[in-house]
>>> print(open('structure-v7.cif').read())   # mmCIF, C-alpha atoms
data_entry
loop_
_atom_site.label_atom_id
_atom_site.label_comp_id
_atom_site.auth_asym_id
_atom_site.auth_seq_id
_atom_site.Cartn_x
_atom_site.Cartn_y
_atom_site.Cartn_z
CA MET A 1 32.46 -28.48 26.69
CA CYS A 2 30.23 -28.81 28.25
CA PHE A 3 28.79 -25.89 30.19
CA ALA A 4 27.29 -24.80 26.97
CA PHE A 5 23.60 -25.28 27.38
CA LEU A 6 22.75 -21.69 28.21
CA LEU A 7 25.07 -20.37 25.57
CA HIS A 8 23.49 -22.72 23.12
CA VAL A 9 19.98 -21.43 23.87
CA ALA A 10 21.21 -17.88 23.48
CA ILE A 11 22.68 -18.67 20.08
CA SER A 12 19.52 -20.31 18.87
CA LEU A 13 17.57 -17.20 19.85
CA THR A 14 19.88 -14.69 18.26
CA LEU A 15 21.73 -16.21 15.37
CA THR A 16 19.23 -18.27 13.44
CA ALA A 17 19.07 -17.68 9.74
CA CYS A 18 15.85 -19.43 8.80
CA GLY A 19 16.17 -18.93 5.07
CA THR A 20 19.14 -21.20 4.53
CA LEU A 21 17.86 -24.19 6.44
CA GLN A 22 15.41 -25.40 3.82
CA GLU A 23 18.07 -25.30 1.12
CA LYS A 24 20.73 -27.19 3.06
CA TRP A 25 18.65 -29.89 4.71
CA PRO A 26 17.10 -32.25 2.19
CA GLN A 27 13.41 -33.10 2.05
CA PRO A 28 12.29 -36.70 2.56
CA SER A 29 12.45 -38.58 -0.74
CA GLU A 30 12.69 -42.09 -2.15
CA ARG A 31 16.33 -42.41 -1.21
CA LEU A 32 15.89 -40.62 2.13
CA PRO A 33 13.14 -41.80 4.52
CA ALA A 34 11.48 -39.08 6.64
CA ARG A 35 12.87 -40.54 9.86
CA HIS A 36 15.24 -43.20 11.10
CA GLU A 37 16.87 -44.11 14.36
CA ILE A 38 19.73 -46.57 14.81
CA ALA A 39 18.78 -48.70 17.81
CA SER A 40 22.05 -50.52 18.42
CA VAL A 41 24.39 -47.68 19.41
CA PRO A 42 25.67 -47.96 23.01
CA PHE A 43 25.90 -44.77 25.09
CA TYR A 44 28.85 -43.69 27.24
CA PRO A 45 28.42 -40.52 29.32
CA GLN A 46 31.41 -38.18 29.12
CA LYS A 47 33.69 -36.81 31.81
CA ALA A 48 34.71 -33.13 31.83
CA PHE A 49 36.16 -32.11 28.43
CA GLN A 50 36.20 -35.76 27.35
CA CYS A 51 33.53 -35.65 24.64
CA GLY A 52 36.10 -36.82 22.03
CA PRO A 53 37.03 -40.14 23.69
CA ALA A 54 33.39 -40.79 24.73
CA THR A 55 32.05 -40.17 21.22
CA LEU A 56 34.75 -42.26 19.57
CA ALA A 57 34.19 -45.08 22.06
CA MET A 58 30.47 -45.15 21.17
CA ALA A 59 31.25 -45.24 17.44
CA LEU A 60 33.88 -47.99 17.88
CA ALA A 61 31.59 -50.04 20.11
CA TRP A 62 28.81 -49.78 17.52
CA SER A 63 31.28 -50.99 14.85
CA GLY A 64 32.02 -54.10 16.89
CA ILE A 65 35.15 -53.13 18.83
CA PRO A 66 34.88 -53.14 22.63
CA ALA A 67 35.98 -49.64 23.61
CA ASP A 68 36.21 -47.68 26.82
CA PRO A 69 36.44 -43.86 26.89
CA ASN A 70 39.07 -44.03 29.65
CA THR A 71 41.45 -46.24 27.69
CA LEU A 72 40.83 -44.24 24.50
CA ALA A 73 41.55 -40.89 26.15
CA PRO A 74 45.37 -41.08 25.88
CA GLU A 75 45.03 -41.78 22.15
CA VAL A 76 42.86 -38.78 21.28
CA PHE A 77 42.85 -36.28 24.13
CA THR A 78 45.32 -33.37 24.09
CA PRO A 79 45.49 -32.10 27.71
CA SER A 80 46.97 -28.69 26.82
CA ARG A 81 44.04 -27.98 24.46
CA LYS A 82 41.47 -29.55 26.80
CA GLY A 83 40.07 -31.34 23.80
CA SER A 84 40.57 -33.85 21.03
CA LEU A 85 41.84 -32.79 17.61
CA GLN A 86 40.00 -34.07 14.54
CA SER A 87 43.19 -35.65 13.18
CA ALA A 88 43.61 -37.57 16.44
CA MET A 89 40.04 -38.90 16.17
CA ILE A 90 40.74 -40.11 12.61
CA ALA A 91 44.08 -41.66 13.57
CA ALA A 92 42.59 -43.45 16.61
CA ALA A 93 39.79 -44.98 14.50
CA ARG A 94 42.41 -46.30 12.06
CA ARG A 95 44.62 -47.65 14.81
CA HIS A 96 41.66 -49.81 15.85
CA GLY A 97 41.33 -51.16 12.32
CA ARG A 98 38.32 -49.08 11.41
CA ILE A 99 37.72 -47.05 8.25
CA ALA A 100 37.62 -43.32 9.03
CA TYR A 101 35.56 -41.70 6.27
CA SER A 102 34.82 -37.97 6.21
CA ILE A 103 31.29 -36.61 5.87
CA SER A 104 30.84 -32.92 5.09
CA SER A 105 27.26 -32.19 4.09
CA PRO A 106 23.82 -32.45 5.72
CA ASP A 107 22.56 -34.60 2.84
CA ALA A 108 25.41 -37.13 3.13
CA MET A 109 25.06 -37.21 6.92
CA LEU A 110 21.33 -38.01 6.85
CA ARG A 111 21.79 -40.63 4.15
CA GLU A 112 24.44 -42.38 6.22
CA VAL A 113 22.21 -42.36 9.31
CA SER A 114 19.30 -43.74 7.27
CA ALA A 115 21.67 -46.50 6.07
CA GLY A 116 22.33 -47.39 9.73
CA HIS A 117 25.73 -45.71 10.12
CA PRO A 118 26.08 -43.38 13.14
CA VAL A 119 28.02 -40.19 12.31
CA VAL A 120 30.53 -38.46 14.62
CA VAL A 121 30.04 -34.69 14.32
CA LEU A 122 32.05 -31.75 15.58
CA GLN A 123 29.94 -28.83 16.76
CA ASN A 124 30.94 -25.38 17.84
CA LEU A 125 28.42 -24.68 20.59
CA GLY A 126 29.89 -21.22 21.17
CA LEU A 127 30.54 -18.41 18.74
CA SER A 128 33.00 -18.31 15.89
CA TRP A 129 35.29 -15.97 17.88
CA LYS A 130 34.72 -17.79 21.22
CA PRO A 131 34.44 -21.41 20.21
CA VAL A 132 33.14 -24.19 22.48
CA TRP A 133 33.99 -27.35 20.59
CA HIS A 134 31.98 -30.48 21.17
CA TYR A 135 31.86 -33.97 19.65
CA ALA A 136 28.59 -35.88 19.51
CA LEU A 137 27.27 -38.95 17.73
CA VAL A 138 24.26 -38.63 15.42
CA VAL A 139 22.12 -41.75 15.82
CA GLY A 140 18.83 -40.66 14.23
CA TYR A 141 16.69 -37.94 12.73
CA ASP A 142 13.07 -37.02 12.10
CA LEU A 143 12.60 -34.61 9.20
CA ASN A 144 8.87 -34.23 9.81
CA GLN A 145 9.51 -32.90 13.31
CA GLY A 146 12.75 -31.21 12.26
CA VAL A 147 14.92 -32.90 14.90
CA LEU A 148 18.23 -34.70 15.02
CA ILE A 149 18.85 -37.42 17.63
CA LEU A 150 22.32 -37.41 19.19
CA HIS A 151 24.24 -39.25 21.88
CA SER A 152 25.72 -36.08 23.32
CA GLY A 153 27.46 -35.22 26.57
CA ASN A 154 25.53 -36.86 29.38
CA THR A 155 22.30 -37.29 27.41
CA PRO A 156 21.56 -40.38 25.35
CA ARG A 157 19.13 -39.85 22.42
CA ASN A 158 19.12 -36.09 22.87
CA ARG A 159 16.58 -34.52 20.47
CA LEU A 160 17.98 -31.31 19.02
CA SER A 161 16.20 -29.11 16.51
CA LEU A 162 17.78 -29.20 13.05
CA ARG A 163 17.95 -25.42 13.05
CA VAL A 164 20.07 -25.27 16.21
CA PHE A 165 22.19 -28.16 15.06
CA GLU A 166 22.81 -26.51 11.69
CA ASN A 167 24.06 -23.35 13.40
CA THR A 168 26.47 -25.28 15.61
CA TRP A 169 27.63 -27.62 12.82
CA THR A 170 28.22 -24.86 10.24
CA ARG A 171 30.76 -23.34 12.60
CA SER A 172 32.90 -26.49 12.27
CA ASP A 173 32.51 -26.42 8.46
CA HIS A 174 30.22 -29.46 8.67
CA TRP A 175 32.93 -31.75 10.04
CA GLY A 176 31.62 -35.31 10.23
CA LEU A 177 33.22 -38.75 10.47
CA LEU A 178 32.10 -42.31 9.85
CA VAL A 179 33.81 -45.08 11.82
CA LEU A 180 33.06 -48.27 9.92
CA PRO A 181 34.20 -51.89 9.87
CA PRO A 182 36.33 -52.28 6.71
CA THR A 183 33.78 -54.69 5.25
CA ARG A 184 31.17 -51.94 5.15
CA LEU A 185 30.87 -49.33 2.40
CA PRO A 186 29.52 -45.86 3.29
CA ALA A 187 26.14 -45.20 1.64
CA THR A 188 27.54 -42.03 0.07
CA ALA A 189 30.99 -43.46 -0.73
CA ILE A 190 33.03 -41.82 -3.48
CA GLN A 191 35.66 -44.07 -4.99
CA HIS A 192 38.76 -41.95 -4.53
CA ALA A 193 37.80 -40.84 -1.02
CA PHE A 194 37.06 -44.40 0.11
CA VAL A 195 40.27 -45.89 -1.34
CA SER A 196 42.22 -43.05 0.33
CA ALA A 197 40.51 -43.91 3.63
CA VAL A 198 41.72 -47.51 3.24
CA VAL A 199 45.24 -46.22 2.54
CA GLY A 200 44.92 -44.67 6.00
CA LEU A 201 44.65 -48.20 7.43
CA GLU A 202 47.92 -49.09 5.65
CA LYS A 203 49.55 -46.07 7.30
CA ALA A 204 48.35 -47.26 10.70
CA GLY A 205 49.87 -50.70 10.01
CA GLN A 206 46.42 -52.34 10.05
CA TRP A 207 47.19 -54.57 7.08
CA GLN A 208 44.47 -57.18 7.61
CA ALA A 209 41.83 -54.44 7.87
CA ALA A 210 43.33 -52.80 4.76
CA VAL A 211 42.95 -56.08 2.83
CA GLU A 212 39.27 -56.20 3.79
CA GLY A 213 38.82 -52.52 2.94
CA TYR A 214 40.30 -52.92 -0.54
CA LYS A 215 38.11 -55.97 -1.14
CA THR A 216 35.08 -53.87 -0.15
CA ALA A 217 36.20 -51.17 -2.59
CA LEU A 218 36.72 -53.69 -5.40
CA ALA A 219 33.28 -55.23 -4.88
CA CYS A 220 31.84 -51.81 -5.70
CA TRP A 221 34.45 -50.47 -8.14
CA PRO A 222 36.20 -53.42 -9.82
CA ASP A 223 38.15 -50.92 -11.94
CA SER A 224 39.87 -49.08 -9.10
CA LEU A 225 43.60 -49.22 -9.84
CA GLY A 226 44.43 -47.92 -6.36
CA ALA A 227 42.42 -50.71 -4.69
CA HIS A 228 44.08 -53.48 -6.76
CA ILE A 229 47.57 -52.15 -6.01
CA GLY A 230 46.64 -51.55 -2.36
CA LEU A 231 45.32 -55.10 -2.01
CA GLY A 232 48.59 -56.48 -3.37
CA ASN A 233 50.70 -54.20 -1.17
CA SER A 234 48.70 -55.16 1.93
CA TYR A 235 48.97 -58.91 1.27
CA TYR A 236 52.70 -58.37 0.70
CA ALA A 237 53.02 -56.60 4.05
CA LEU A 238 51.22 -59.55 5.68
CA GLY A 239 53.83 -61.84 4.10
CA ASP A 240 51.36 -63.52 1.72
CA LYS A 241 53.28 -63.23 -1.54
CA GLY A 242 51.01 -65.64 -3.41
CA MET A 243 47.92 -63.47 -2.83
CA ALA A 244 49.97 -60.31 -3.52
CA GLU A 245 51.01 -61.81 -6.86
CA ALA A 246 47.37 -62.60 -7.70
CA ALA A 247 46.28 -59.02 -6.89
CA PHE A 248 49.07 -57.42 -8.95
CA ARG A 249 48.39 -59.83 -11.83
CA GLU A 250 44.75 -58.74 -11.84
CA ALA A 251 45.92 -55.10 -11.84
CA THR A 252 48.12 -55.73 -14.91
CA ARG A 253 45.22 -57.48 -16.64
CA ARG A 254 42.83 -54.57 -16.05
CA PHE A 255 45.41 -51.81 -16.52
CA PRO A 256 47.76 -53.11 -19.21
CA THR A 257 49.32 -49.63 -19.63
CA ASN A 258 50.16 -49.02 -15.96
CA GLY A 259 53.83 -49.51 -15.19
CA SER A 260 53.43 -49.60 -11.40
CA ALA A 261 51.23 -52.71 -11.60
CA PHE A 262 53.93 -54.52 -13.63
CA ASN A 263 56.71 -53.23 -11.37
CA ASN A 264 55.05 -54.58 -8.22
CA LEU A 265 54.20 -57.87 -9.95
CA ALA A 266 57.84 -58.21 -11.02
CA GLN A 267 59.04 -57.62 -7.47
CA VAL A 268 56.85 -60.31 -5.86
CA LEU A 269 57.59 -62.78 -8.68
CA TRP A 270 61.31 -62.23 -8.17
CA GLU A 271 61.03 -62.72 -4.42
CA GLN A 272 59.29 -66.04 -5.11
CA GLU A 273 62.21 -66.96 -7.41
CA LYS A 274 60.10 -66.93 -10.55
CA GLN A 275 63.04 -65.31 -12.34
CA HIS A 276 61.83 -65.60 -15.92
CA GLU A 277 58.34 -64.18 -15.36
CA ALA A 278 59.74 -61.46 -13.09
CA LEU A 279 62.13 -60.32 -15.81
CA GLU A 280 59.33 -60.17 -18.34
CA ALA A 281 57.09 -58.05 -16.04
CA ALA A 282 59.94 -55.69 -15.10
CA ARG A 283 60.84 -55.13 -18.77
CA LYS A 284 57.20 -54.37 -19.50
CA ALA A 285 57.11 -51.79 -16.68
CA VAL A 286 60.20 -49.99 -18.02
CA GLU A 287 58.80 -50.10 -21.54
CA LEU A 288 55.50 -48.51 -20.38
CA GLY A 289 57.40 -45.76 -18.57
CA GLY A 290 55.62 -42.93 -16.79
CA PRO A 291 56.64 -40.66 -13.93
CA LEU A 292 58.03 -43.55 -11.83
CA VAL A 293 60.15 -45.11 -14.57
CA ASN A 294 63.38 -44.71 -12.57
CA THR A 295 62.03 -47.00 -9.86
CA TYR A 296 60.97 -49.54 -12.53
CA ARG A 297 64.52 -49.47 -13.93
CA LYS A 298 65.92 -50.20 -10.47
CA THR A 299 63.59 -53.18 -10.14
CA LEU A 300 64.70 -54.45 -13.55
CA GLU A 301 68.40 -54.05 -12.73
CA GLN A 302 67.90 -55.86 -9.45
CA ILE A 303 66.17 -58.78 -11.18
CA GLN A 304 68.82 -58.91 -13.91
CA ALA A 305 71.48 -59.10 -11.18
CA GLY A 306 70.16 -62.50 -10.08
CA LYS A 307 68.17 -64.28 -7.42
CA PRO A 308 67.02 -62.55 -4.22
CA MET B 1 102.33 -56.09 17.57
CA SER B 2 101.66 -59.45 15.93
CA THR B 3 99.56 -60.55 18.91
CA LEU B 4 97.51 -57.39 18.50
CA ARG B 5 97.01 -58.23 14.81
CA GLN B 6 95.99 -61.78 15.69
CA THR B 7 93.34 -60.64 18.15
CA VAL B 8 92.05 -57.88 15.84
CA LYS B 9 91.64 -60.20 12.86
CA PRO B 10 88.71 -62.33 14.14
CA VAL B 11 87.08 -59.18 15.51
CA SER B 12 87.24 -57.50 12.10
CA VAL B 13 85.69 -60.57 10.47
CA VAL B 14 82.81 -60.38 12.93
CA VAL B 15 82.44 -56.65 12.29
CA ILE B 16 82.42 -57.18 8.50
CA ILE B 17 79.73 -59.84 8.75
CA PHE B 18 77.70 -57.60 11.06
CA MET B 19 77.97 -54.64 8.67
CA LEU B 20 76.95 -56.81 5.71
CA SER B 21 73.93 -58.11 7.58
CA LEU B 22 72.90 -54.48 8.14
CA VAL B 23 73.39 -53.47 4.51
CA VAL B 24 71.95 -56.47 2.62
CA PRO B 25 68.30 -56.23 3.72
CA TYR B 26 68.28 -52.49 3.02
CA GLN B 27 69.45 -53.09 -0.52
CA SER B 28 66.53 -55.35 -1.30
CA CYS B 29 64.24 -52.75 0.28
CA LEU B 30 65.45 -49.96 -1.98
CA ALA B 31 63.86 -51.21 -5.17
CA ALA B 32 60.68 -52.38 -3.54
CA LEU B 33 56.99 -52.06 -4.32
CA ILE B 34 55.43 -48.82 -5.45
CA GLY B 35 53.22 -47.60 -2.57
CA THR B 36 49.46 -47.40 -2.92
CA GLU B 37 49.43 -43.66 -2.21
CA THR B 38 52.01 -43.00 -4.94
CA VAL B 39 49.90 -44.94 -7.43
CA LEU B 40 46.77 -43.00 -6.40
CA ASP B 41 48.63 -39.70 -6.85
CA THR B 42 50.39 -40.39 -10.14
CA ALA B 43 47.89 -42.57 -12.00
CA PRO B 44 45.24 -39.97 -13.00
CA GLY B 45 47.71 -37.66 -14.79
CA HIS B 46 49.42 -40.59 -16.49
CA GLU B 47 46.14 -42.13 -17.61
CA ALA B 48 44.88 -38.81 -18.94
CA ARG B 49 48.05 -38.42 -21.03
CA GLN B 50 47.77 -41.99 -22.34
CA GLN B 51 44.14 -41.38 -23.28
CA VAL B 52 44.90 -38.18 -25.21
CA LYS B 53 47.88 -39.81 -26.94
CA GLN B 54 45.81 -42.83 -27.96
CA ILE B 55 43.36 -40.55 -29.73
CA LEU B 56 46.25 -38.64 -31.32
CA ASP B 57 47.23 -41.94 -32.98
CA ARG B 58 43.99 -42.08 -34.98
CA GLU B 59 44.35 -41.45 -38.72
CA ASP B 60 41.53 -38.85 -38.92
CA ILE B 61 43.07 -36.90 -36.02
CA ARG B 62 46.50 -37.01 -37.65
CA LYS B 63 44.94 -35.64 -40.82
CA ALA B 64 43.21 -32.80 -38.94
CA LEU B 65 46.51 -32.01 -37.19
CA ARG B 66 48.37 -31.94 -40.50
CA GLU B 67 45.86 -29.41 -41.75
CA GLN B 68 46.96 -27.22 -38.82
CA GLY B 69 50.54 -27.77 -39.87
CA ILE B 70 51.49 -29.99 -36.91
CA ASN B 71 52.52 -33.63 -36.90
CA ALA B 72 51.13 -36.04 -34.32
CA GLU B 73 54.52 -36.67 -32.66
CA GLU B 74 54.90 -32.96 -31.99
CA ALA B 75 51.39 -32.86 -30.51
CA LYS B 76 52.29 -35.80 -28.22
CA ALA B 77 55.43 -34.02 -27.06
CA ARG B 78 53.25 -31.07 -26.13
CA VAL B 79 50.88 -33.30 -24.18
CA ASP B 80 53.92 -34.68 -22.34
CA ALA B 81 54.85 -31.16 -21.32
CA LEU B 82 51.54 -30.71 -19.46
CA SER B 83 51.52 -31.11 -15.69
CA ASP B 84 49.35 -33.88 -14.21
CA SER B 85 46.48 -31.55 -13.34
CA GLU B 86 46.61 -29.86 -16.73
CA ALA B 87 46.56 -33.23 -18.50
CA THR B 88 43.59 -34.37 -16.38
CA ARG B 89 41.69 -31.17 -17.23
CA LEU B 90 42.46 -31.60 -20.93
CA ALA B 91 41.19 -35.19 -20.89
CA GLU B 92 38.02 -34.05 -19.12
CA LYS B 93 37.38 -31.41 -21.79
CA LEU B 94 37.96 -33.97 -24.54
CA ASN B 95 35.56 -36.42 -22.93
CA GLN B 96 32.84 -33.80 -23.19
CA LEU B 97 33.20 -33.61 -26.99
CA PRO B 98 30.38 -35.14 -29.02
CA ALA B 99 31.60 -38.42 -30.51
CA GLY B 100 29.61 -38.95 -33.70
CA GLY B 101 29.68 -42.35 -35.37
CA ASP B 102 29.01 -41.34 -38.97
CA ALA B 103 31.56 -39.87 -41.36
CA LEU B 104 30.54 -36.26 -40.75
CA GLY B 105 30.50 -36.79 -36.97
CA THR B 106 34.02 -38.24 -37.12
CA ILE B 107 35.31 -35.24 -39.06
CA VAL B 108 33.64 -32.82 -36.64
CA PHE B 109 35.08 -34.76 -33.66
CA ALA B 110 38.57 -34.73 -35.17
CA ALA B 111 38.45 -31.00 -35.80
CA LEU B 112 37.10 -30.25 -32.32
CA PHE B 113 39.61 -32.57 -30.67
CA VAL B 114 42.53 -30.90 -32.40
CA PHE B 115 41.06 -27.51 -31.58
CA VAL B 116 40.78 -28.30 -27.86
CA VAL B 117 44.26 -29.83 -27.60
CA LEU B 118 45.84 -26.84 -29.32
CA LEU B 119 43.70 -24.38 -27.38
CA VAL B 120 44.75 -25.83 -24.02
CA THR B 121 48.44 -26.03 -24.95
CA ASP B 122 48.14 -22.49 -26.37
CA ILE B 123 46.70 -21.12 -23.15
CA LEU B 124 49.54 -22.69 -21.22
CA GLY B 125 52.04 -21.13 -23.57
CA TYR B 126 53.40 -24.35 -25.10
CA THR B 127 52.04 -23.48 -28.52
CA ASP B 128 51.07 -20.31 -30.35
CA ILE B 129 48.43 -21.25 -32.90
CA PHE B 130 45.51 -19.02 -31.98
CA SER B 131 46.11 -15.29 -31.95
CA PHE B 132 43.06 -14.68 -29.71
CA VAL B 133 44.66 -16.50 -26.77
CA LYS B 134 46.41 -14.02 -24.54
CA LYS B 135 49.77 -15.40 -23.36
CA HIS B 136 51.24 -15.03 -19.92
CA PRO B 137 54.72 -13.59 -20.10
CA ARG B 138 56.85 -16.37 -18.64
#
>>> encode(input="structure-v7.cif", output="structure tokens")
Amino acid sequence: MCFAFLLHVAISLTLTACGTLQEKWPQPSERLPARHEIASVPFYPQKAFQCGPATLAMALAWSGIPADPNTLAPEVFTPSRKGSLQSAMIAAARRHGRIAYSISSPDAMLREVSAGHPVVVLQNLGLSWKPVWHYALVVGYDLNQGVLILHSGNTPRNRLSLRVFENTWTRSDHWGLLVLPPTRLPATAIQHAFVSAVVGLEKAGQWQAAVEGYKTALACWPDSLGAHIGLGNSYYALGDKGMAEAAFREATRRFPTNGSAFNNLAQVLWEQEKQHEALEAARKAVELGGPLVNTYRKTLEQIQAGKP
Amino acid sequence: MSTLRQTVKPVSVVVIIFMLSLVVPYQSCLAALIGTETVLDTAPGHEARQQVKQILDREDIRKALREQGINAEEAKARVDALSDSEATRLAEKLNQLPAGGDALGTIVFAALFVFVVLLVTDILGYTDIFSFVKKHPR
């Protein structure tokens, strides 16, 4: 962007489809207050083409990480494209130890804002065949007046009509992103999506943040196998084998038919020289079988061969 | 020649130790923990299969299967042949069945359960019980 203001007015005059708006944007209800504005979101004005780094910096700063658009730029900005790719935005959030959780519907977006979570959105301010991509941060809304409040470009708390916003957001397939501290659960969190978002922290090597993320997941879904295994794996990566053992033990208690839980328990027991218990867990894993049984067999053979 | 051998010998010892130090940590890495992502990807299919098989162990289900001329072990082998996504879909369908507590409800559940399992495996071409299911030529 961001020469797009005129273009943007032109679009709103020519391309509005009034009929669909009412269906897509929810009415105020018990779970969704008519208006809300998050007061504590800092604003950073953007430089030319740098809406990605500026938007991400605002989201990170809100989440408690001091961030500067200039230092973020090398992490997200792709000079040849004069913009920031969505995948780079997600990766950068994770590299700073923050949960990157996707939002893809107007209802979910408003519910997150009403829960106090600012939402990064990707808009196409141009046309589908001549796109002008732009990132902004949604910090509030007012359904009675039909406006969305965004930190966008050089304007803090820019009030944009929902109708115009809908047109620009639809052209990015409703791409939205939460950047949250790992101790915080999205208001619209779905178990598998949230646990996968925490796996993203593992991939970025943010093991301490991953531990916190899995704990957050388990507080809400104590029966998430992925979160129990992930917690153990993250403690293991941090070198805390005692806590890893405890997490895997809990996984075997809750999922007595899952071989992977027993396999991982066997491995950490063996590395702590608890030979007898390790052997027992490894045998159990092989006995339970499943698609990963060959790996379980390797673990068993390794433990049978002796001490680490 | 012998002086060459004498100087090479300590060098080769050093090289052997160096090579071992490279190899040993990798060995213990090979059979390591199962990654979180792998567990997330493989668990649903595995759990779905386990769930279906557990129900196949029930006496009333075995009886209903026998009436179709199939033993429970054969039915389990067919469930094993399903891909992960097929197994998950089958388990979802089975979870939607009414589970009555009384004797009649149990019989109805057993019959429906067997019907759904055989219908799904039929559609996928693993079985050929129902003539109304059109088979894909494989």
>>> residues_around(input="structure-v7.cif", residues="His151 in chain A", least_positions_apart="5", cutoff="10 Å", atoms="all atoms listed in the file", output="PyMOL selection string")
chain A and resi 41-45+54-55+58+118+120+135-140+156-159
>>> interface_residues(input="structure-v7.cif", of="chain B", to="chain A", cutoff="9 Å", atoms="only C-alpha atoms", output="PyMOL selection string")
chain B and resi 28+30-37+39-40+42-43+46-47+50
>>> residues_around(input="structure-v7.cif", residues="range 90-100 of chain A", least_positions_apart="2", cutoff="6 Å", atoms="only C-alpha atoms", output="list in words")
Ser87, Ala88, Leu178, Val179, Leu180, Pro181, Pro182, Leu201, Ala204, Gln206 and Ala209 of chain A
>>> write_last_selection(input="structure-v7.cif", atoms="C-alpha atoms", output="CSV table (one decimal), keeping the file's coordinate frame")
chain,number,residue,atom,x,y,z
A,87,SER,CA,43.2,-35.6,13.2
A,88,ALA,CA,43.6,-37.6,16.4
A,178,LEU,CA,32.1,-42.3,9.8
A,179,VAL,CA,33.8,-45.1,11.8
A,180,LEU,CA,33.1,-48.3,9.9
A,181,PRO,CA,34.2,-51.9,9.9
A,182,PRO,CA,36.3,-52.3,6.7
A,201,LEU,CA,44.6,-48.2,7.4
A,204,ALA,CA,48.4,-47.3,10.7
A,206,GLN,CA,46.4,-52.3,10.0
A,209,ALA,CA,41.8,-54.4,7.9
>>> resolve_selection(input="structure-v7.cif", expression="the PyMOL selection byres ((chain A and resi 235) around 10)", output="ChimeraX atom specification")
/A:207-208,210-211,230-234,236-247
>>> axis_aligned_box(input="structure-v7.cif", around="range 62-69 of chain B", padding_each_side="4 Å", output="AutoDock Vina command-line options")
--center_x 46.9 --center_y -32.1 --center_z -39.5 --size_x 15.3 --size_y 17.8 --size_z 12.6
>>> closest_residue(input="structure-v7.cif", among="A:Ala39, A:Leu32, A:Leu185, A:Leu60", to="Leu110 in chain A", atoms="all atoms listed in the file")
A:Leu32
>>> resolve_selection(input="structure-v7.cif", expression="the PyMOL selection byres ((chain B and resi 80) around 12)", output="list in words")
Gly290 and Pro291 of chain A; Gly45, His46, Glu47, Ala48, Arg49, Gln50, Gln51, Val52, Lys53, Glu73, Glu74, Ala75, Lys76, Ala77, Arg78, Val79, Ala81, Leu82, Ser83, Asp84, Glu86, Ala87, Thr88, Leu90, Thr121 and Tyr126 of chain B
>>> residues_near_point(input="structure-v7.cif", point="(20.2, -31.6, 1.5)", cutoff="9 Å", atoms="only C-alpha atoms", output="PyMOL selection string")
chain A and resi 22-27+105-108+110
>>> write_last_selection(input="structure-v7.cif", atoms="C-alpha atoms", output="mmCIF file, in the frame of the given file")
data_model
loop_
_atom_site.group_PDB
_atom_site.id
_atom_site.type_symbol
_atom_site.label_atom_id
_atom_site.label_comp_id
_atom_site.auth_asym_id
_atom_site.auth_seq_id
_atom_site.Cartn_x
_atom_site.Cartn_y
_atom_site.Cartn_z
ATOM 1 C CA GLN A 22 15.410 -25.400 3.820
ATOM 2 C CA GLU A 23 18.070 -25.300 1.120
ATOM 3 C CA LYS A 24 20.730 -27.190 3.060
ATOM 4 C CA TRP A 25 18.650 -29.890 4.710
ATOM 5 C CA PRO A 26 17.100 -32.250 2.190
ATOM 6 C CA GLN A 27 13.410 -33.100 2.050
ATOM 7 C CA SER A 105 27.260 -32.190 4.090
ATOM 8 C CA PRO A 106 23.820 -32.450 5.720
ATOM 9 C CA ASP A 107 22.560 -34.600 2.840
ATOM 10 C CA ALA A 108 25.410 -37.130 3.130
ATOM 11 C CA LEU A 110 21.330 -38.010 6.850
#
>>> atom_distance(input="structure-v7.cif", atom1="CA of Gly146 in chain A", atom2="CA of Ala187 in chain A")
22.1 Å
>>> closest_residue(input="structure-v7.cif", among="A:Lys284, A:Lys82, A:Arg249, A:Lys47", to="Asn70 in chain A", atoms="only C-alpha atoms")
A:Lys47
>>> residues_around(input="structure-v7.cif", residues="Arg171 in chain A", least_positions_apart="2", cutoff="12 Å", atoms="only C-alpha atoms", output="ChimeraX atom specification")
/A:11,15,121-134,164-169,173-175
>>> atom_distance(input="structure-v7.cif", atom1="CA of Gln68 in chain B", atom2="CA of Val120 in chain B")
15.0 Å
>>> atom_distance(input="structure-v7.cif", atom1="CA of Ala59 in chain A", atom2="CA of Val119 in chain A")
7.9 Å
>>> closest_residue(input="structure-v7.cif", among="A:Trp270, A:Phe248, A:Tyr101, A:Tyr141", to="Gln191 in chain A", atoms="only C-alpha atoms")
A:Tyr101
>>> closest_residue(input="structure-v7.cif", among="A:Leu177, A:Arg184, A:Phe49, A:Arg163", to="Gln86 in chain A", atoms="all atoms listed in the file")
A:Leu177
>>> resolve_selection(input="structure-v7.cif", expression="the PyMOL selection byres ((chain A and resi 33) around 10)", output="PyMOL selection string")
chain A and resi 27-32+34-36+110-111+114-115+141-143
